[in-house]
Amino acid sequence: MAAPSESVWSMLQTLGCSLDFQTKVYRNQTSGQRIWVSYIEPMIDIEIAVKNIFPYLLHYHFSTLQDLCGALPLDEAYLSSDPNDMKQKLLEGYLLIRLNETDETGLLVKAQKTLERTLTIPEVEFSVVGPKESFIESLETNLYLLRKRIPSDHLTVNMFRVGTLSKTKLAVVYIDGIADPENVQTVSQRIQAVEFDEVIDSSYIVQLISDNRHSLFPQLLDTERPDRVAAVLAEGKVAILVDGSPHALIGPTTLVEFFSSFEDYFLNWIIASFFRLIRLFSVAFSILITPIYVATLNYHYELIPKDLLGTLITSRKEIPFPPIVEVLFLELTIELLREAGARLPTKVGQTIGIVGGIVIGTASVEAGLTSNVLLILVALAALASFTTPVYKMGNTIRLMRFPFLLFAEMWGLLGVAFCFCIVMTHLLSLTSLGRPFLAPLYPPRWKDWKDALIRLPFTSQAKRPSSLRTPQPIRFDGKKAKEKRDIDE
Amino acid sequence: MNGKTFLLVLMAASLLSGCLRKEILDDINIESAVGFDYVSPTKIKGTVLIPIYKKEETANKTLTAVSVSTKDILEELQHKTPEPLVNGSIEVALYGKRLAEHGLFPFVDNFHRDSSIGTGLYLAVVDGTAEQLLKGHYSRQGNGIYLSNLLKHNIEQRDVPKTNLHLFLKMYYADGQDPFLPYLRQVGQDVQVEGIALFRGDRVVDYIERNNMFFFKILTDSYTEGTHTVRLQKGNYASVKNISTKRTISFSGPKTRPHLHIHLSLEGVIREHKQGPFTPSTQQAVQQQFEKEIKINASNLLRRFQEQNIDPIGLGEWAKSQYRHFSYRDFYRRYRHLPFRITADVRIRDTGIIE
């Protein structure tokens, strides 16, 4: 990398090795002054250069760069003689203007090309009701989306750069006075300690700053919804935005937060609570149903109700495999379909889904390879695993089924219980930014249950979650919110 | 615990724990009912019912063997089946009349020692032999489920008092109660509940007839649903559907000369009334007639128990709860001559929607 003694000349030489680096010489038409302009072509917005810079460069009478700098209608123009700074700016899309080829001082003018896609609707966390904006790859736009929602002077943004090569801009956002300073401190420290060269996306950051990097469970919630980020910032959490990533990170997070869809807040609290319970049930169902099937059929025929016994036996009578082989066959088929569907273009993916789901499923039952009861269970389990609102958690749930299956095969229901104990032990020891991951379930924070497994009405949510240790626990006057205000008062 | 220790513990747990024998559902023969019959003072004949599940219906297969103990019979029968025979999901255990009269406890005992058998298992005594009854063909669901459903609905909604393995053992081991079991009989293509078999210890000593089962149930258990027909004078009758019954047992007098009082209160609705409109006075008449029937029949039953010196109601247990320093022996010495009074209170709450 750049040595401090490096001159502007040698710096330009190094850049010149790349063919998209240009240095062109122009002549001012009024003074006849020759001007050297250097830039990296793909990074430059030609329109800005042609409209705002070149007219002054070619027609304005100036003798020094200082004069030119004052004349340009652009804010971001300054004189520099630091080769490192010049290099950095050139790489970001500045023009370097010099009056002499060997000059060590030059004028840097910003003509950065900003190409970004327009705001689109959230695709991963789509909701039928509620705002339809989602984050995009530009950090500035993402910060704008947040500021727009929280017009408060307490909204604080700390900027960092991570990655020795990528120098990715990263913003830690929190509301001063609401977020626990300790959490902000933890995030900042961990980000500063990141050792990596090329940080592409916020998922890199999750893996780099997680409390337990080997855990299957994501320890920071990632979301593409600015409304969700704004809502949790108001609760006292900390958000991390990474330039180039359309997903923001939220921490400290808890397990139950991964199963709450943001749509829950747009619906009536009873409906929302019902959906949330359904989701939790489906998670348990998805993880446990096939292991229970294997365990019961292998070891615990006594547990099967007498009326179900006939159904199960007739469906399995012709199957040549033991239950575990049958289950693994179907589970892997589903995983294959999911993986194939995810890798293929949307339209082909749909076809594959239909081919796989209908043809393979029916054919394997007809060929006597799997029982139809199991086919229903596996399909339901797969369906249930997709109800998880956060994609990354859905992956975890799909993977967790396999160790459970292994233990069920070895030790029956005892094995399922054993595996459950291991998972619980892990979850209990897991932390997110140093805060317990299983809160408010354990350590029990009864007051936080108002927005955990169920969601109580907004009027009952007058206090911020106590597990966040916010310095300002009261959100609003709960008593006043509950008062009945009649029109004819 | 670091990763290595964890792995080590996991390996040790999975490799050193030995193997549990797998019983894959479709590779075992699952018994759904068993029956035991008397052969000689030392030997019994065991019959095992195995359902053969097919798509449309369930066929029944029975296997029999003669041996000295129930587990021995199971071992004998293993020789006759291609797949292991397991008894974890039996629903019903039947005992032939003769075996029951010789004492059936040795053949109940094995069930509660086997952890794979639930205590909700139904036990019943069979008129004739259990083998004969199990060999019949009663329904498309298979005989096991048929028998278990037959007992279940008669216990839950009709006049068979609640019994199962758990309750039988409780009654058997209790000092102040004698057990009873339903009494079944094969009638052509069906099985019917014929009455109640009453035990002294583990031997059947008496059978309660079908028409007395209602009174037996209200004495021993609470009764819901089910209909009882009250005969009024001149060939008139009224059917009363029962809503709820309540039994109150109390003792008065000193411990040496206890006096028993059983109060039976019953609420019901009129379901059928043969003659004329149902006026408040007929309602009064039905109530009184019903009370009278209860009093007479319940008293007859209780007298019968006293003559046989058995206590299926569990009066000894009730008495113990009311007297300090109670002695079962003294109580049962006087049991035969225990003075009692039975009162009944019948209330008809509804007479139907059309009047």
# chains A, B, ... in the order shown; residues from 1 in each chain; ligands from 1
>>> select_by_dssp(residues="range 252-299 of chain A", states="helix (DSSP H, G or I)", output="ChimeraX atom specification")
/A:256-259,262-265,269-299
>>> residues_around(residues="range 293-301 of chain B", least_positions_apart="2", cutoff="7 Å", atoms="only C-alpha atoms", output="list of chain:residue names")
B:Phe215, B:Gln289, B:Phe290, B:Glu291, B:Arg303, B:Arg304, B:Phe305, B:Ile342, B:Thr343, B:Ala344
>>> write_last_selection(atoms="C-alpha atoms", output="mmCIF file, in the first residue's frame")
data_model
loop_
_atom_site.group_PDB
_atom_site.id
_atom_site.type_symbol
_atom_site.label_atom_id
_atom_site.label_comp_id
_atom_site.auth_asym_id
_atom_site.auth_seq_id
_atom_site.Cartn_x
_atom_site.Cartn_y
_atom_site.Cartn_z
ATOM 1 C CA PHE B 215 -78.977 -48.331 40.052
ATOM 2 C CA GLN B 289 -92.289 -42.907 41.210
ATOM 3 C CA PHE B 290 -88.683 -42.529 40.114
ATOM 4 C CA GLU B 291 -87.584 -41.779 43.674
ATOM 5 C CA ARG B 303 -78.811 -55.771 50.824
ATOM 6 C CA ARG B 304 -77.416 -58.127 48.218
ATOM 7 C CA PHE B 305 -73.923 -56.791 48.806
ATOM 8 C CA ILE B 342 -81.364 -44.605 51.147
ATOM 9 C CA THR B 343 -83.068 -41.417 50.114
ATOM 10 C CA ALA B 344 -83.559 -40.092 46.648
#
>>> closest_residue(among="B:Val160, B:Ala285, B:Ala65, B:Ala59", to="Asn212 in chain B", atoms="only C-alpha atoms")
B:Val160
>>> interface_residues(of="chain A", to="chain B", cutoff="12 Å", atoms="only C-alpha atoms", output="ChimeraX atom specification")
/A:214,293-324,371,406-415,418-419,422,425-426,429
>>> closest_residue(among="A:Pro181, A:Pro42, A:Pro122, A:Gly434", to="Pro252 in chain A", atoms="only C-alpha atoms")
A:Gly434
>>> residues_around(residues="Gly136 in chain B", least_positions_apart="2", cutoff="10 Å", atoms="only C-alpha atoms", output="ChimeraX atom specification")
/B:60,62,131-134,138-139,143,186,188-191
>>> residues_around(residues="Gln78 in chain B", least_positions_apart="3", cutoff="12 Å", atoms="only C-alpha atoms", output="list in words")
Ile28, Asn29, Ile30, Glu31, Val48, Leu63, Thr64, Ala65, Lys71, Asp72, Ile73, Leu74, Glu75, Thr81, Pro82, Glu83, Pro84, Leu85, Val86 and Asn87 of chain B
>>> atom_distance(atom1="CA of Ile218 in chain B", atom2="CA of Pro161 in chain B")
8.3 Å
>>> closest_residue(among="B:Arg271, B:Gly176, B:Thr229, B:Leu198", to="Asp330 in chain B", atoms="only C-alpha atoms")
B:Gly176
>>> atom_distance(atom1="CA of Val162 in chain A", atom2="CA of Glu41 in chain A")
25.3 Å
>>> residues_around(residues="Ser460 in chain A", least_positions_apart="6", cutoff="10 Å", atoms="only C-alpha atoms", output="CSV table (one decimal) with N, CA, C and O atoms, in the first residue's frame")
chain,number,residue,atom,x,y,z
A,450,LYS,N,-45.6,-8.7,26.8
A,450,LYS,CA,-46.7,-8.0,26.1
A,450,LYS,C,-46.4,-8.0,24.6
A,450,LYS,O,-47.3,-7.7,23.8
A,451,ASP,N,-45.1,-8.1,24.2
A,451,ASP,CA,-44.8,-8.2,22.8
A,451,ASP,C,-43.8,-9.3,22.5
A,451,ASP,O,-42.7,-9.0,22.1
A,478,GLY,N,-49.2,5.8,29.4
A,478,GLY,CA,-50.1,4.6,29.2
A,478,GLY,C,-51.5,4.9,29.7
A,478,GLY,O,-52.5,4.5,29.1
A,479,LYS,N,-51.6,5.6,30.9
A,479,LYS,CA,-52.9,5.8,31.5
A,479,LYS,C,-53.8,6.7,30.5
A,479,LYS,O,-54.9,6.4,30.3
A,481,ALA,N,-53.4,7.0,27.4
A,481,ALA,CA,-53.7,6.3,26.2
A,481,ALA,C,-54.9,5.4,26.3
A,481,ALA,O,-55.7,5.2,25.4
A,482,LYS,N,-55.1,4.9,27.6
A,482,LYS,CA,-56.2,4.0,27.8
A,482,LYS,C,-57.5,4.7,28.1
A,482,LYS,O,-58.6,4.1,28.0
>>> residues_around(residues="Arg147 in chain A", least_positions_apart="3", cutoff="12 Å", atoms="only C-alpha atoms", output="MDAnalysis selection string")
chainID A and resid 140:144 150:157 173:175 226:227 229:230 233
>>> atom_distance(atom1="CA of Asp345 in chain B", atom2="CA of Tyr207 in chain B")
27.2 Å
>>> closest_residue(among="B:Ile262, B:Ile249, B:Ala93, B:Leu104", to="Leu184 in chain B", atoms="only C-alpha atoms")
B:Ala93
>>> decode(residues="range 106-131 of chain A", atoms="N, CA and C atoms", output="mmCIF file, in the first residue's frame")
data_model
loop_
_atom_site.group_PDB
_atom_site.id
_atom_site.type_symbol
_atom_site.label_atom_id
_atom_site.label_comp_id
_atom_site.auth_asym_id
_atom_site.auth_seq_id
_atom_site.Cartn_x
_atom_site.Cartn_y
_atom_site.Cartn_z
ATOM 1 N N GLY A 106 -3.124 19.672 -6.513
ATOM 2 C CA GLY A 106 -4.159 19.617 -7.527
ATOM 3 C C GLY A 106 -5.521 19.943 -6.931
ATOM 4 N N LEU A 107 -6.453 20.269 -7.797
ATOM 5 C CA LEU A 107 -7.816 20.557 -7.363
ATOM 6 C C LEU A 107 -8.661 19.294 -7.542
ATOM 7 N N LEU A 108 -9.306 18.895 -6.457
ATOM 8 C CA LEU A 108 -10.168 17.703 -6.536
ATOM 9 C C LEU A 108 -11.612 18.168 -6.652
ATOM 10 N N VAL A 109 -12.276 17.714 -7.665
ATOM 11 C CA VAL A 109 -13.675 18.110 -7.877
ATOM 12 C C VAL A 109 -14.527 16.848 -7.959
ATOM 13 N N LYS A 110 -15.597 16.891 -7.239
ATOM 14 C CA LYS A 110 -16.432 15.689 -7.203
ATOM 15 C C LYS A 110 -17.327 15.614 -8.435
ATOM 16 N N ALA A 111 -17.164 14.540 -9.174
ATOM 17 C CA ALA A 111 -18.068 14.318 -10.315
ATOM 18 C C ALA A 111 -18.514 12.867 -10.266
ATOM 19 N N GLN A 112 -18.850 12.446 -9.053
ATOM 20 C CA GLN A 112 -19.115 11.028 -8.808
ATOM 21 C C GLN A 112 -20.374 10.554 -9.520
ATOM 22 N N LYS A 113 -20.255 9.410 -10.089
ATOM 23 C CA LYS A 113 -21.420 8.802 -10.720
ATOM 24 C C LYS A 113 -22.197 8.066 -9.634
ATOM 25 N N THR A 114 -23.475 8.352 -9.518
ATOM 26 C CA THR A 114 -24.266 7.607 -8.527
ATOM 27 C C THR A 114 -25.354 6.872 -9.281
ATOM 28 N N LEU A 115 -25.127 5.602 -9.430
ATOM 29 C CA LEU A 115 -26.134 4.759 -10.060
ATOM 30 C C LEU A 115 -26.756 3.913 -8.969
ATOM 31 N N GLU A 116 -28.015 4.061 -8.775
ATOM 32 C CA GLU A 116 -28.656 3.180 -7.811
ATOM 33 C C GLU A 116 -30.040 2.876 -8.320
ATOM 34 N N ARG A 117 -30.527 1.728 -7.910
ATOM 35 C CA ARG A 117 -31.866 1.395 -8.363
ATOM 36 C C ARG A 117 -32.869 2.194 -7.562
ATOM 37 N N THR A 118 -34.054 2.266 -8.071
ATOM 38 C CA THR A 118 -35.059 3.038 -7.362
ATOM 39 C C THR A 118 -35.598 2.217 -6.201
ATOM 40 N N LEU A 119 -36.313 2.873 -5.316
ATOM 41 C CA LEU A 119 -36.894 2.159 -4.174
ATOM 42 C C LEU A 119 -37.909 1.150 -4.679
ATOM 43 N N THR A 120 -37.824 -0.044 -4.148
ATOM 44 C CA THR A 120 -38.784 -1.070 -4.570
ATOM 45 C C THR A 120 -39.537 -1.578 -3.347
ATOM 46 N N ILE A 121 -40.499 -2.447 -3.604
ATOM 47 C CA ILE A 121 -41.246 -3.008 -2.480
ATOM 48 C C ILE A 121 -40.416 -4.118 -1.849
ATOM 49 N N PRO A 122 -40.559 -4.307 -0.542
ATOM 50 C CA PRO A 122 -39.794 -5.375 0.114
ATOM 51 C C PRO A 122 -40.210 -6.737 -0.442
ATOM 52 N N GLU A 123 -39.240 -7.518 -0.820
ATOM 53 C CA GLU A 123 -39.574 -8.809 -1.421
ATOM 54 C C GLU A 123 -39.457 -9.958 -0.434
ATOM 55 N N VAL A 124 -38.476 -9.850 0.461
ATOM 56 C CA VAL A 124 -38.298 -10.942 1.430
ATOM 57 C C VAL A 124 -39.322 -10.826 2.557
ATOM 58 N N GLU A 125 -39.519 -9.595 3.001
ATOM 59 C CA GLU A 125 -40.468 -9.390 4.106
ATOM 60 C C GLU A 125 -41.682 -8.635 3.595
ATOM 61 N N PHE A 126 -42.273 -9.166 2.573
ATOM 62 C CA PHE A 126 -43.432 -8.495 1.997
ATOM 63 C C PHE A 126 -44.585 -8.471 2.994
ATOM 64 N N SER A 127 -45.303 -7.383 3.000
ATOM 65 C CA SER A 127 -46.526 -7.374 3.802
ATOM 66 C C SER A 127 -47.636 -6.777 2.956
ATOM 67 N N VAL A 128 -48.825 -7.332 3.194
ATOM 68 C CA VAL A 128 -49.947 -6.894 2.363
ATOM 69 C C VAL A 128 -50.333 -5.465 2.712
ATOM 70 N N VAL A 129 -50.403 -5.185 4.033
ATOM 71 C CA VAL A 129 -50.697 -3.820 4.465
ATOM 72 C C VAL A 129 -49.402 -3.165 4.913
ATOM 73 N N GLY A 130 -49.455 -1.872 5.114
ATOM 74 C CA GLY A 130 -48.271 -1.169 5.606
ATOM 75 C C GLY A 130 -47.410 -0.626 4.494
ATOM 76 N N PRO A 131 -46.358 0.116 4.861
ATOM 77 C CA PRO A 131 -45.495 0.765 3.874
ATOM 78 C C PRO A 131 -44.844 -0.240 2.952
#
